[in-house]
Structures are given as structure tokens and as C-alpha cells.
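One file, model20.cif, is given below (mmCIF, C-alpha atoms).
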```cif
data_my_file
loop_
_atom_site.label_atom_id
_atom_site.label_comp_id
_atom_site.auth_asym_id
_atom_site.auth_seq_id
_atom_site.Cartn_x
_atom_site.Cartn_y
_atom_site.Cartn_z
CA MET A 958 128.43 86.58 63.26
CA HIS A 959 126.47 86.28 66.48
CA SER A 960 126.73 83.04 68.35
CA ILE A 961 124.52 82.54 71.35
CA MET A 962 127.25 80.48 73.03
CA GLU A 963 129.46 83.55 72.98
CA TYR A 964 126.90 85.99 74.32
CA ASN A 965 128.00 85.89 77.94
CA GLY A 966 131.63 84.75 77.71
CA ALA A 967 133.51 82.18 79.80
CA ALA A 968 136.78 80.35 80.26
CA ILE A 969 136.81 77.06 82.17
CA VAL A 970 139.63 74.59 82.61
CA ALA A 971 140.15 71.41 84.68
CA MET A 972 143.38 69.48 85.11
CA LYS A 973 144.43 66.15 86.59
CA GLY A 974 147.37 66.03 88.95
CA LYS A 975 148.96 63.49 91.26
CA ASN A 976 146.04 62.40 93.47
CA CYS A 977 144.52 65.82 92.98
CA ILE A 978 142.33 67.83 90.66
CA ALA A 979 142.24 71.49 89.73
CA ILE A 980 139.32 73.36 88.22
CA GLY A 981 139.29 77.05 87.41
CA ALA A 982 137.16 79.64 85.67
CA ASP A 983 137.05 83.34 84.92
CA LYS A 984 134.54 85.58 86.67
CA ARG A 985 133.19 87.78 83.88
CA LEU A 986 129.53 87.94 82.97
CA GLY A 987 128.95 89.97 79.83
CA GLN A 988 126.21 90.86 77.43
CA ARG A 989 128.13 90.94 74.19
CA GLN A 990 130.69 93.67 74.68
CA LEU A 991 129.14 95.08 77.89
CA THR A 992 130.51 93.68 81.14
CA VAL A 993 127.72 93.25 83.65
CA ASP A 994 129.25 91.26 86.54
CA THR A 995 132.84 90.65 87.62
CA ASN A 996 132.05 88.03 90.22
CA PHE A 997 129.90 85.55 88.33
CA LYS A 998 130.25 81.95 89.55
CA LYS A 999 130.68 79.33 86.86
CA VAL A 1000 132.22 76.54 88.93
CA PHE A 1001 130.03 74.90 91.58
CA PRO A 1002 130.62 72.23 94.22
CA ILE A 1003 128.30 69.27 93.74
CA THR A 1004 129.69 67.29 96.65
CA GLU A 1005 132.71 68.01 98.82
CA ARG A 1006 134.90 66.31 96.26
CA THR A 1007 133.15 66.86 92.94
CA TYR A 1008 132.93 70.17 91.12
CA ILE A 1009 131.21 71.18 87.90
CA GLY A 1010 132.08 74.13 85.71
CA LEU A 1011 129.59 75.36 83.13
CA SER A 1012 130.35 77.63 80.17
CA GLY A 1013 127.90 78.99 77.64
CA LEU A 1014 124.64 80.88 78.08
CA ALA A 1015 124.58 82.19 81.65
CA THR A 1016 120.87 81.60 82.23
CA ASP A 1017 121.35 77.92 81.36
CA VAL A 1018 124.44 77.82 83.60
CA LYS A 1019 122.36 78.96 86.55
CA THR A 1020 119.35 76.80 85.72
CA LEU A 1021 121.40 73.66 85.22
CA HIS A 1022 123.27 74.20 88.44
CA ASP A 1023 119.93 74.29 90.26
CA GLN A 1024 118.77 71.18 88.38
CA PHE A 1025 121.91 69.25 89.28
CA ARG A 1026 121.75 70.33 92.89
CA MET A 1027 118.18 69.04 93.07
CA ARG A 1028 119.00 65.72 91.45
CA VAL A 1029 122.10 65.17 93.55
CA ASN A 1030 120.23 65.98 96.76
CA LEU A 1031 117.49 63.51 95.80
CA TYR A 1032 120.17 60.94 95.03
CA LYS A 1033 121.80 61.53 98.40
CA HIS A 1034 118.54 61.10 100.26
CA ARG A 1035 117.36 58.07 98.32
CA GLU A 1036 120.66 56.22 98.17
CA GLU A 1037 122.00 57.39 101.52
CA ARG A 1038 125.40 57.96 99.99
CA VAL A 1039 127.34 60.68 98.22
CA ILE A 1040 127.41 60.58 94.41
CA GLU A 1041 130.66 59.65 92.71
CA PRO A 1042 132.18 61.92 90.00
CA LYS A 1043 131.76 59.33 87.26
CA THR A 1044 128.16 58.66 88.21
CA PHE A 1045 127.47 62.39 88.33
CA ALA A 1046 128.98 62.81 84.88
CA ASN A 1047 126.60 60.18 83.52
CA LEU A 1048 123.71 61.97 85.23
CA VAL A 1049 124.71 65.27 83.60
CA SER A 1050 124.96 63.55 80.22
CA HIS A 1051 121.48 62.12 80.66
CA VAL A 1052 119.95 65.44 81.69
CA LEU A 1053 121.48 67.18 78.67
CA TYR A 1054 120.45 64.52 76.16
CA GLU A 1055 116.86 64.66 77.45
CA ARG A 1056 116.81 68.05 75.70
CA ARG A 1057 118.39 66.75 72.50
CA PHE A 1058 116.12 68.81 70.26
CA GLY A 1059 116.02 72.07 72.12
CA SER A 1060 119.24 71.80 74.11
CA TYR A 1061 120.71 73.70 77.00
CA LEU A 1062 123.40 75.98 75.59
CA VAL A 1063 126.20 74.94 77.93
CA ASN A 1064 129.44 72.99 77.87
CA PRO A 1065 130.03 71.31 81.24
CA VAL A 1066 133.37 70.38 82.75
CA ILE A 1067 133.35 67.94 85.67
CA ALA A 1068 136.25 67.34 88.04
CA GLY A 1069 136.41 65.28 91.21
CA LEU A 1070 138.01 62.64 93.37
CA ASP A 1071 136.22 59.31 93.68
CA LYS A 1072 135.82 57.33 96.91
CA ASN A 1073 139.29 55.81 96.42
CA ASP A 1074 140.85 59.26 95.93
CA ILE A 1075 141.40 58.64 92.22
CA PRO A 1076 141.14 61.84 90.12
CA PHE A 1077 138.40 62.10 87.52
CA ILE A 1078 137.83 64.79 84.91
CA CYS A 1079 135.60 64.96 81.87
CA GLY A 1080 134.08 67.45 79.49
CA MET A 1081 130.86 67.32 77.55
CA ASP A 1082 129.21 68.95 74.60
CA SER A 1083 125.83 70.62 74.97
CA ILE A 1084 123.91 67.40 74.34
CA GLY A 1085 125.84 65.19 76.69
CA CYS A 1086 128.63 63.49 74.75
CA ILE A 1087 131.21 62.68 77.43
CA ASP A 1088 134.86 63.42 76.69
CA LEU A 1089 137.03 61.50 79.18
CA ALA A 1090 140.51 62.89 79.47
CA ASP A 1091 143.70 61.90 81.20
CA ASN A 1092 145.17 65.38 81.25
CA PHE A 1093 142.92 68.43 80.97
CA ILE A 1094 139.54 69.64 79.78
CA VAL A 1095 138.77 73.16 78.54
CA CYS A 1096 135.70 75.03 77.38
CA GLY A 1097 134.30 78.48 76.82
CA THR A 1098 134.95 81.42 74.55
CA ALA A 1099 138.67 81.12 75.34
CA GLU A 1100 138.63 77.41 74.50
CA GLU A 1101 141.20 77.50 71.72
CA ASN A 1102 143.56 79.68 73.73
CA LEU A 1103 143.18 77.29 76.65
CA TYR A 1104 143.93 74.25 74.49
CA GLY A 1105 147.21 75.80 73.43
CA ALA A 1106 148.20 76.94 76.90
CA CYS A 1107 147.34 73.62 78.56
CA GLU A 1108 149.05 71.57 75.88
CA GLY A 1109 152.19 73.58 76.45
CA LEU A 1110 152.16 73.75 80.24
CA TRP A 1111 150.57 70.51 81.48
CA GLU A 1112 152.59 67.50 82.47
CA PRO A 1113 151.52 64.36 84.34
CA ASP A 1114 151.74 63.84 88.11
CA LEU A 1115 151.92 67.44 89.24
CA GLU A 1116 151.61 67.96 92.99
CA PRO A 1117 148.78 70.22 94.20
CA GLU A 1118 150.92 73.36 94.45
CA GLU A 1119 152.53 72.80 91.06
CA LEU A 1120 149.13 72.00 89.55
CA PHE A 1121 147.82 75.28 90.93
CA GLU A 1122 150.62 77.23 89.24
CA THR A 1123 150.10 75.39 85.97
CA ILE A 1124 146.35 75.83 85.80
CA SER A 1125 146.55 79.46 86.88
CA GLN A 1126 149.07 80.37 84.20
CA ALA A 1127 147.08 78.51 81.54
CA LEU A 1128 143.88 80.28 82.58
CA LEU A 1129 145.29 83.78 83.00
CA ASN A 1130 147.19 83.89 79.75
CA SER A 1131 144.30 82.42 77.78
CA VAL A 1132 141.67 84.88 79.01
CA ASP A 1133 144.02 87.78 78.35
CA ARG A 1134 143.83 86.97 74.66
CA ASP A 1135 140.02 86.60 74.70
CA ALA A 1136 137.82 89.67 74.78
CA MET A 1137 134.79 87.87 76.20
CA SER A 1138 136.41 86.31 79.27
CA GLY A 1139 138.53 87.57 82.13
CA TRP A 1140 137.79 90.20 84.81
CA GLY A 1141 139.17 87.93 87.54
CA ALA A 1142 139.52 84.18 87.98
CA VAL A 1143 139.00 81.53 90.66
CA VAL A 1144 140.75 78.17 91.02
CA HIS A 1145 139.79 75.21 93.22
CA ILE A 1146 142.35 72.53 94.07
CA ILE A 1147 140.74 69.30 95.28
CA THR A 1148 142.92 66.90 97.27
CA PRO A 1149 142.06 64.00 99.59
CA ALA A 1150 142.73 66.38 102.49
CA GLY A 1151 140.29 69.01 101.30
CA VAL A 1152 139.65 71.82 98.84
CA ILE A 1153 141.69 75.01 98.55
CA THR A 1154 140.02 77.85 96.72
CA ARG A 1155 142.05 80.81 95.52
CA ASP A 1156 141.15 83.97 93.68
CA LEU A 1157 143.66 84.93 91.02
CA LYS A 1158 145.00 88.43 90.59
CA SER A 1159 144.49 89.19 86.92
CA ARG A 1160 144.08 91.96 84.41
CA MET A 1161 140.68 93.53 85.01
CA ASP A 1162 139.59 93.99 81.46
CA MET B 1029 84.47 53.39 83.94
CA ASP B 1030 83.12 54.44 87.32
CA ARG B 1031 82.97 50.85 88.61
CA TYR B 1032 86.75 50.67 88.62
CA SER B 1033 87.68 54.16 89.58
CA PHE B 1034 87.96 53.21 93.25
CA SER B 1035 90.31 50.83 95.00
CA LEU B 1036 89.21 47.24 95.62
CA THR B 1037 91.50 47.07 98.61
CA THR B 1038 89.64 48.77 101.42
CA PHE B 1039 90.06 48.89 105.19
CA ALA B 1040 88.14 46.50 107.44
CA PRO B 1041 86.94 47.90 110.80
CA ASN B 1042 89.83 46.23 112.60
CA GLY B 1043 92.31 48.23 110.53
CA LYS B 1044 93.39 45.40 108.25
CA LEU B 1045 93.36 45.35 104.47
CA LEU B 1046 91.65 42.05 103.79
CA GLN B 1047 92.81 41.79 100.20
CA ILE B 1048 96.41 41.89 101.41
CA GLU B 1049 95.68 39.24 104.03
CA HIS B 1050 94.24 37.06 101.25
CA ALA B 1051 97.25 37.77 99.07
CA LEU B 1052 99.52 36.62 101.89
CA ALA B 1053 97.44 33.45 102.06
CA ALA B 1054 98.15 32.90 98.38
CA VAL B 1055 101.84 33.32 99.17
CA GLY B 1056 101.50 30.83 101.99
CA ASN B 1057 100.19 28.25 99.54
CA GLY B 1058 103.18 28.67 97.26
CA SER B 1059 106.39 26.64 97.12
CA THR B 1060 108.92 27.47 99.81
CA SER B 1061 111.79 29.79 99.01
CA VAL B 1062 114.76 30.53 101.24
CA GLY B 1063 117.50 33.13 101.28
CA ILE B 1064 120.70 33.43 103.28
CA LYS B 1065 123.07 36.38 103.45
CA ALA B 1066 126.64 35.18 103.92
CA ALA B 1067 129.69 37.22 104.82
CA ASN B 1068 130.90 37.08 101.22
CA GLY B 1069 127.71 36.77 99.19
CA VAL B 1070 124.03 35.84 99.09
CA VAL B 1071 122.18 32.64 98.15
CA ILE B 1072 118.50 32.24 97.31
CA ALA B 1073 116.80 28.93 96.57
CA THR B 1074 113.32 27.65 95.81
CA GLU B 1075 111.40 24.45 95.27
CA LYS B 1076 110.61 23.87 91.64
CA LYS B 1077 107.67 21.51 91.92
CA ALA B 1078 106.33 20.21 88.65
CA GLY B 1079 102.70 19.14 88.75
CA SER B 1080 103.37 16.10 86.60
CA SER B 1081 106.38 14.13 85.41
CA LEU B 1082 105.56 15.21 81.88
CA ILE B 1083 106.52 18.81 82.59
CA ASP B 1084 109.83 19.99 81.14
CA VAL B 1085 111.30 21.19 84.42
CA SER B 1086 114.39 22.70 82.82
CA SER B 1087 112.32 25.41 81.21
CA LEU B 1088 110.66 26.59 84.41
CA GLU B 1089 111.96 30.01 85.39
CA HIS B 1090 111.59 30.49 89.12
CA MET B 1091 114.99 32.05 89.72
CA VAL B 1092 115.63 35.13 87.64
CA MET B 1093 118.31 37.73 87.15
CA VAL B 1094 117.00 41.26 87.41
CA CYS B 1095 120.31 42.85 86.44
CA GLU B 1096 123.92 41.67 86.58
CA SER B 1097 124.22 42.15 90.32
CA ILE B 1098 120.68 41.35 91.50
CA GLY B 1099 118.60 38.14 91.43
CA MET B 1100 115.07 37.37 92.53
CA VAL B 1101 112.89 34.42 93.59
CA TYR B 1102 109.30 34.18 94.78
CA SER B 1103 106.61 32.27 96.59
CA GLY B 1104 103.03 32.51 95.40
CA MET B 1105 101.48 33.04 91.99
CA GLY B 1106 103.81 32.47 89.06
CA PRO B 1107 102.06 34.79 86.60
CA ASP B 1108 102.15 37.69 89.08
CA PHE B 1109 105.87 37.03 89.52
CA ARG B 1110 106.46 37.33 85.78
CA VAL B 1111 104.88 40.78 85.72
CA LEU B 1112 107.07 41.92 88.62
CA VAL B 1113 110.18 40.50 86.96
CA ASN B 1114 109.52 42.68 83.94
CA SER B 1115 108.91 45.72 86.14
CA ALA B 1116 112.09 45.04 88.11
CA ARG B 1117 114.23 44.56 85.00
CA LYS B 1118 112.85 47.72 83.44
CA ALA B 1119 113.41 49.71 86.63
CA ALA B 1120 117.00 48.47 86.80
CA GLN B 1121 117.70 49.42 83.18
CA LYS B 1122 116.10 52.83 83.65
CA TYR B 1123 118.50 53.44 86.51
CA ARG B 1124 121.39 52.25 84.36
CA ARG B 1125 120.32 54.59 81.59
CA ILE B 1126 120.89 57.57 83.83
CA TYR B 1127 123.82 56.51 86.00
CA MET B 1128 125.53 53.87 83.82
CA GLU B 1129 125.69 51.48 86.76
CA ASP B 1130 123.40 48.89 88.33
CA PRO B 1131 121.07 50.17 91.04
CA PRO B 1132 121.99 49.37 94.64
CA VAL B 1133 119.76 46.55 95.89
CA ARG B 1134 117.92 48.80 98.35
CA ILE B 1135 116.99 51.21 95.55
CA LEU B 1136 115.58 48.46 93.34
CA VAL B 1137 113.71 47.00 96.31
CA LYS B 1138 112.16 50.39 97.07
CA GLU B 1139 111.06 50.73 93.46
CA LEU B 1140 109.46 47.26 93.35
CA ALA B 1141 107.83 47.75 96.73
CA SER B 1142 106.42 51.03 95.48
CA ILE B 1143 104.91 49.27 92.46
CA MET B 1144 103.39 46.58 94.66
CA GLN B 1145 101.95 49.22 96.99
CA GLU B 1146 100.38 51.01 94.04
CA PHE B 1147 98.28 47.93 93.39
CA THR B 1148 96.82 48.18 96.88
CA GLN B 1149 95.64 51.73 96.35
CA SER B 1150 94.68 52.05 92.69
CA GLY B 1151 91.30 51.67 90.98
CA GLY B 1152 90.14 48.29 89.79
CA VAL B 1153 93.27 46.27 90.51
CA ARG B 1154 94.19 43.58 93.03
CA PRO B 1155 97.41 43.17 95.01
CA PHE B 1156 100.13 40.85 93.65
CA GLY B 1157 99.89 37.32 95.02
CA VAL B 1158 103.63 36.92 95.57
CA SER B 1159 106.29 37.61 98.13
CA LEU B 1160 109.71 38.22 96.65
CA LEU B 1161 113.20 37.42 97.89
CA ILE B 1162 115.68 39.79 96.29
CA ALA B 1163 119.38 39.07 96.57
CA GLY B 1164 122.22 41.24 95.36
CA VAL B 1165 125.59 42.81 95.91
CA ASP B 1166 126.26 46.56 95.88
CA ASP B 1167 128.39 49.22 97.55
CA ARG B 1168 127.18 48.00 100.94
CA GLY B 1169 128.11 44.38 100.29
CA PRO B 1170 125.67 41.45 100.22
CA ASN B 1171 121.93 42.20 100.56
CA LEU B 1172 118.83 40.06 101.05
CA TYR B 1173 115.36 41.64 101.03
CA GLN B 1174 111.83 40.30 101.23
CA VAL B 1175 109.00 42.25 99.58
CA ASP B 1176 105.39 41.47 100.46
CA PRO B 1177 102.11 42.00 98.53
CA SER B 1178 101.42 45.06 100.68
CA GLY B 1179 104.62 46.70 99.51
CA SER B 1180 106.38 46.30 102.87
CA TYR B 1181 109.98 45.26 102.55
CA PHE B 1182 112.32 43.72 105.09
CA PRO B 1183 116.07 43.29 105.04
CA TRP B 1184 116.99 39.80 106.22
CA LYS B 1185 120.10 37.93 107.26
CA ALA B 1186 118.28 34.69 106.50
CA THR B 1187 114.64 33.95 105.83
CA ALA B 1188 112.07 31.70 104.23
CA ILE B 1189 108.73 32.42 102.54
CA GLY B 1190 105.93 30.21 101.29
CA LYS B 1191 104.41 26.96 102.50
CA ASN B 1192 107.05 25.90 104.95
CA MET B 1193 108.29 29.27 106.15
CA VAL B 1194 107.71 28.80 109.87
CA ASN B 1195 109.66 25.56 110.22
CA SER B 1196 112.30 26.77 107.78
CA LYS B 1197 112.90 29.97 109.70
CA THR B 1198 113.28 28.03 112.95
CA PHE B 1199 115.73 25.74 111.15
CA LEU B 1200 117.67 28.75 109.87
CA GLU B 1201 117.77 30.47 113.25
CA LYS B 1202 119.66 27.53 114.64
CA ARG B 1203 122.17 27.37 111.84
CA PHE B 1204 122.81 30.98 110.93
CA ASP B 1205 125.77 33.04 112.16
CA ASN B 1206 127.02 36.37 110.91
CA ASP B 1207 130.29 35.04 109.54
CA ILE B 1208 128.85 32.20 107.54
CA ASP B 1209 130.74 31.54 104.32
CA LEU B 1210 128.87 31.54 100.99
CA GLU B 1211 129.64 27.85 100.37
CA ASP B 1212 128.23 26.90 103.77
CA ALA B 1213 125.25 29.16 103.15
CA VAL B 1214 124.44 27.28 99.93
CA TYR B 1215 124.53 23.96 101.80
CA THR B 1216 122.38 25.40 104.56
CA ALA B 1217 119.85 26.76 102.07
CA ILE B 1218 119.57 23.37 100.37
CA LEU B 1219 119.26 21.62 103.73
CA THR B 1220 116.52 24.03 104.75
CA LEU B 1221 114.55 23.28 101.61
CA LYS B 1222 115.10 19.57 102.14
CA GLU B 1223 113.53 19.73 105.60
CA GLY B 1224 110.11 20.58 104.23
CA PHE B 1225 110.41 18.80 100.91
CA GLU B 1226 107.74 16.24 100.09
CA GLY B 1227 109.30 13.33 98.28
CA GLN B 1228 112.76 12.97 96.87
CA MET B 1229 114.74 16.19 96.26
CA THR B 1230 116.79 16.09 93.05
CA GLU B 1231 118.78 18.66 91.11
CA GLN B 1232 115.74 19.12 88.88
CA SER B 1233 113.38 19.98 91.70
CA ILE B 1234 115.16 22.98 93.21
CA ASP B 1235 116.60 26.20 91.83
CA VAL B 1236 119.55 27.89 93.50
CA GLY B 1237 120.91 31.35 92.73
CA VAL B 1238 124.15 32.75 94.07
CA ILE B 1239 126.05 36.04 94.02
CA THR B 1240 129.40 36.62 95.63
CA THR B 1241 130.91 39.93 96.75
CA ILE B 1242 134.19 39.12 95.04
CA PRO B 1243 134.60 40.76 91.63
CA THR B 1244 135.74 38.49 88.81
CA THR B 1245 139.00 39.27 87.04
CA GLN B 1246 138.83 39.00 83.27
CA ALA B 1247 141.51 37.76 80.95
CA ASP B 1248 142.77 41.30 80.31
CA GLY B 1249 143.17 41.97 84.03
CA LYS B 1250 140.08 44.21 84.29
CA GLN B 1251 137.72 43.62 87.16
CA LYS B 1252 134.10 42.87 86.44
CA PRO B 1253 131.56 43.48 89.19
CA PRO B 1254 129.99 40.40 90.82
CA ARG B 1255 127.40 38.58 88.71
CA PHE B 1256 124.22 36.84 89.84
CA GLN B 1257 124.26 33.21 88.72
CA ARG B 1258 121.77 30.36 88.67
CA LEU B 1259 123.49 27.14 89.58
CA SER B 1260 123.34 24.52 86.87
CA PRO B 1261 121.67 21.18 87.62
CA ALA B 1262 125.13 19.56 87.61
CA GLU B 1263 126.35 21.99 90.29
CA ILE B 1264 123.24 21.44 92.39
CA LYS B 1265 123.74 17.69 92.06
CA ASP B 1266 127.23 18.11 93.53
CA TYR B 1267 125.87 19.97 96.53
CA LEU B 1268 123.09 17.44 96.98
CA SER B 1269 125.44 14.49 96.96
CA ASN B 1270 127.41 16.07 99.82
CA VAL B 1271 124.24 16.81 101.73
CA ALA B 1272 122.50 13.41 101.48
#
```

As C-alpha cells, how would this structure be written, given the file I've shared?
Amino acid sequence: MHSIMEYNGAAIVAMKGKNCIAIGADKRLGQRQLTVDTNFKKVFPITERTYIGLSGLATDVKTLHDQFRMRVNLYKHREERVIEPKTFANLVSHVLYERRFGSYLVNPVIAGLDKNDIPFICGMDSIGCIDLADNFIVCGTAEENLYGACEGLWEPDLEPEELFETISQALLNSVDRDAMSGWGAVVHIITPAGVITRDLKSRMD
Amino acid sequence: MDRYSFSLTTFAPNGKLLQIEHALAAVGNGSTSVGIKAANGVVIATEKKAGSSLIDVSSLEHMVMVCESIGMVYSGMGPDFRVLVNSARKAAQKYRRIYMEDPPVRILVKELASIMQEFTQSGGVRPFGVSLLIAGVDDRGPNLYQVDPSGSYFPWKATAIGKNMVNSKTFLEKRFDNDIDLEDAVYTAILTLKEGFEGQMTEQSIDVGVITTIPTTQADGKQKPPRFQRLSPAEIKDYLSNVA
């Protein structure tokens, strides 16, 4: 059966570590079984320390990213301060619920460090119900694979390097079992010192 | 319909908006209000003059909470104040609806000032006959702002508006310093009101509102953000007895 949420394909995962956050996604953009792009961005920086990943219909992914960028810029100029991850999550929830009856076809994942360097991650459904987690958040066509992989591999208080290994393995092995996601992956590790972005070497199919 | 499609507030040749000047005169006829920003909080206070002894003073609402972390007081026309209180409360809840947190004071002030400015440039309406003192605590610490009928707003360390503002401000200039403690600020605010008070000042004839920068710790150990509070008559009486 055709599901519009599975038209383009995606795999997104975020994990909490010890004073750090990891967020990763695959890079495939498809149109059903046809692969159209192998470098499609699904994870975007909102501030230096807050990232959002969006799975679902690619046109909504792009449009919402632009929307959030606009709203966060306006916030920054009006409030003369940088938006916190939790506040941003509430903003995303509001924007999505505004379209309750005619919704954006996305599932966001938000990950960031707040002003006290405390990690924050959350997921959301397409109409803005926030899912706060202490461990990891997953979404996309490879969602169920990711749940299993994360549940098996994640443990609390992983250091940035260990968190990178954990999230990469979870992501890679999950997309390999999902036809609609894959073709490369990117992982961002956010620490108080800065963000390290790495491209993963994966099966290109 | 056409008679009110243009603004009633129009420029005089000297560049002034006379309606706003008149509005400020209405403010100048109102009861004095003072505000002081301390190192660890803000206090605002106002005279609560009842026209007759038969008035139930306890039900007069001069000092209001806009949201948990912001309070407001005025000088000028009471009914205009009530309208602005509703606008302010609604604006604060609208912000909360989106961000799930109270607006920073400067954001609420901008919103209110924008509303007041609208009434100097819209068809068929007059400016508000009040100046507001808005006190609150946010990510930047304690804040005290004045908003005028024109929509101009000013951040203050200490200020007074209304009938006795000139003398009160001189009084405050002498007594204010940047490290003043909230307790001392409350005393100073009450003293400032006392200076211009006609007759005997009692706990029923002034309203004092306070907000500290220190979050309160609940029974379960969680921290609640600072809350704006009106002092009860009993508390005001305590302060007054130490001031007499």
C-alpha cells in the first residue's frame, strides 16, 4: 500500500550522551524505488548548539526548515538572545499543530545543548506531540530497525567518541535493512566545545 | 464610516502630537506610582486613594499580575489601565502558547508599547490616558520599564510617574544605588510615596508589588521561577511601622 510518508525515505536518530548529543541521518532522497539524490540534507543546524532532523515528505522537510529558520531568526532579533532547545521544540510543536487538519507530513527530531550544557533531545509526531526521551529518538522509514538497534546498543553516559560509534552503528545497520533509506549517512556530535560532523562510509544502495 | 477613518491624533505645526500631550496631562493628574530595580528583584508601588471612606479599598485593583513573572502598575485613568491589563495578559499567554515559557519583560513591554502606539495612529480612537510601570524578572535579571501613552518605553533603575513624579524622582536619585537590596528598595519605595502623600498613609492606602530574582524551591525539591506578588495589607503594615 502506498504511504505518502514513505515516498521519499529517511532514517534519523538522535542520542543523549554524557554532556553531549549525537544526531544522524541518511542521505538518500528517493521517489518510491527510484533514487534521485545521494546527498540530501535532513538534519539542519538551528543554532550553534541545536539541531533538527526531519523525516517524511521531502518537500515538507525543506519548507519546514525554511519556516523554522525564519522564526528562529525573528526570535533572535526580537529577543536579542539565542533560542534554547526546549523552547525551540515547543515552537516546532506549535507550528505543526497550527496545521492540525491538513498537516505537514514530517516527523521532527530535535537535539541540542541548553545554555547550561545540559543535553536535550525530543521527537514529535506530525502534529506536534512532543516525545521527551532520556536516551534516544528515532524516526523515518527505518524507524523500527532503528528502535531495535538503539535499544540494543545505547547505554547512558557515553563520551562523545563512544556516542559517535554507537549512533553510527545503529544508523548504518538499520538503513541496510531498509530499502528506502541509505546511500550514505552523516552524523553530528554536539559538545560544549563545539560540533563535529562526520560522513559515514556506508553501503551505497 | 468616513468620519472615523482617519486618525484623531494629528501633528501640530511645532511637531508635537497634542493628543499625546493631553494624555500625559491625564497621567500627571493620576495617583503617584514608583518603581525601584534592586540588585535581587524589583518593587513597584502606588497610592490607592479612595474618594470616600465608604469605598471598599480592598477590592481596588491597582497592582496587577500580568503573568507569573511580570507585574504592572499605572498612573492615570483606571478604565484605560484595565483594557491594557487584558491586552498584556493576553499577549503574555499567546507567547506562552508558542514557547511554553513566560515572555521576557522587554518582549512584553514592546508588545504593549506597540498596542499603545497603534491608538495614536488609527482611525477614530484616542491614546490611552495611562503611563505604566512594568516590573519583572527574566533571563536578564530584574527589569523595570515605563510605557507612555505615545508608546515610548524607557528602562529605569528607579522612577516615579503621576502627580508627584518630579519630587519623587529627586528623592529617589538621592537614595538609589546599583547594589540596593530588595528589602531596602521596598522601604525606599514606601518612603518615596510617603513624601508626597496627602494625609495619613496606612496599609489600606498603598499597594506594593514585589518580585525577586531568586527562584522558590518547592516541597519536592523542584525550582519554580520567581513569582510576582502583591504584598498583603499585613505585610505593608509591618513595613510602615518600621518607616514611621

*Near chain B, which residues of chain A fall within 9 Å when you count only C-alpha atoms, and what do they look like as a ChimeraX atom specification?*
/A:1035-1036,1043-1052

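Running the PyMOL selection byres ((chain B and resi 1262) around 12) on this file leaves Thr1230, Glu1231, Gln1232, Ile1234, Asp1235, Val1236, Arg1258, Leu1259, Ser1260, Pro1261, Glu1263, Ile1264, Lys1265, Asp1266, Tyr1267, Leu1268 and Ser1269 of chain B selected.
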
Write out the residues from the selection above, keeping C-alpha atoms, as an mmCIF file, keeping the file's coordinate frame.
```
data_model
loop_
_atom_site.group_PDB
_atom_site.id
_atom_site.type_symbol
_atom_site.label_atom_id
_atom_site.label_comp_id
_atom_site.auth_asym_id
_atom_site.auth_seq_id
_atom_site.Cartn_x
_atom_site.Cartn_y
_atom_site.Cartn_z
ATOM 1 C CA THR B 1230 116.790 16.090 93.050
ATOM 2 C CA GLU B 1231 118.780 18.660 91.110
ATOM 3 C CA GLN B 1232 115.740 19.120 88.880
ATOM 4 C CA ILE B 1234 115.160 22.980 93.210
ATOM 5 C CA ASP B 1235 116.600 26.200 91.830
ATOM 6 C CA VAL B 1236 119.550 27.890 93.500
ATOM 7 C CA ARG B 1258 121.770 30.360 88.670
ATOM 8 C CA LEU B 1259 123.490 27.140 89.580
ATOM 9 C CA SER B 1260 123.340 24.520 86.870
ATOM 10 C CA PRO B 1261 121.670 21.180 87.620
ATOM 11 C CA GLU B 1263 126.350 21.990 90.290
ATOM 12 C CA ILE B 1264 123.240 21.440 92.390
ATOM 13 C CA LYS B 1265 123.740 17.690 92.060
ATOM 14 C CA ASP B 1266 127.230 18.110 93.530
ATOM 15 C CA TYR B 1267 125.870 19.970 96.530
ATOM 16 C CA LEU B 1268 123.090 17.440 96.980
ATOM 17 C CA SER B 1269 125.440 14.490 96.960
#
```

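Of the residues listed (B:Tyr1123, B:Phe1225, B:Tyr1102, B:Phe1156), B:Tyr1102 shows the shortest atom-to-atom separation from Ala1073 in chain B; distances use all atoms listed in the file.
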
Need to verify the contact set: Cys1095 in chain B, 7 Å, only C-alpha atoms, exclusion of same-chain residues closer than 2 positions in sequence. Can you return it as a tab-separated table (two decimals) with C-alpha atoms, in the frame of the given file?
```
chain	number	residue	atom	x	y	z
B	1093	MET	CA	118.31	37.73	87.15
B	1097	SER	CA	124.22	42.15	90.32
B	1098	ILE	CA	120.68	41.35	91.50
B	1117	ARG	CA	114.23	44.56	85.00
B	1120	ALA	CA	117.00	48.47	86.80
```

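Interatomic distance, CA of Lys1077 in chain B against CA of Tyr1173 in chain B: 23.4 Å.
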
*Residues in the PyMOL selection byres ((chain A and resi 1140) around 9), expressed as a VMD selection string*: chain A and resid 983 to 986 992 994 to 996 1132 1138 to 1139 1141 to 1142 1159 to 1162

*Ground truth for the PyMOL selection byres ((chain A and resi 1010) around 12), written as a count of residues only*: 50

Each side padded by 3 Å, which centre and which edge lengths in Å (one decimal) define the axis-aligned box around the listed atoms of range 1033-1042 of chain A? Give them as JSON.
```
{"center_x": 124.8, "center_y": 59.1, "center_z": 95.8, "size_x": 20.8, "size_y": 11.7, "size_z": 17.5}
```

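Of the listed residues (B:Asn1114, B:Ser1150, B:Asn1270, B:Thr1244), B:Asn1114 comes nearest to Val1092 in chain B; the distances count all atoms listed in the file.
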
*What is the CA of Ala1163 in chain B to CA of Asp1071 in chain A distance in Å?*
26.5 Å

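Interatomic distance, CA of Val1113 in chain B to CA of Val1094 in chain B: 6.9 Å.
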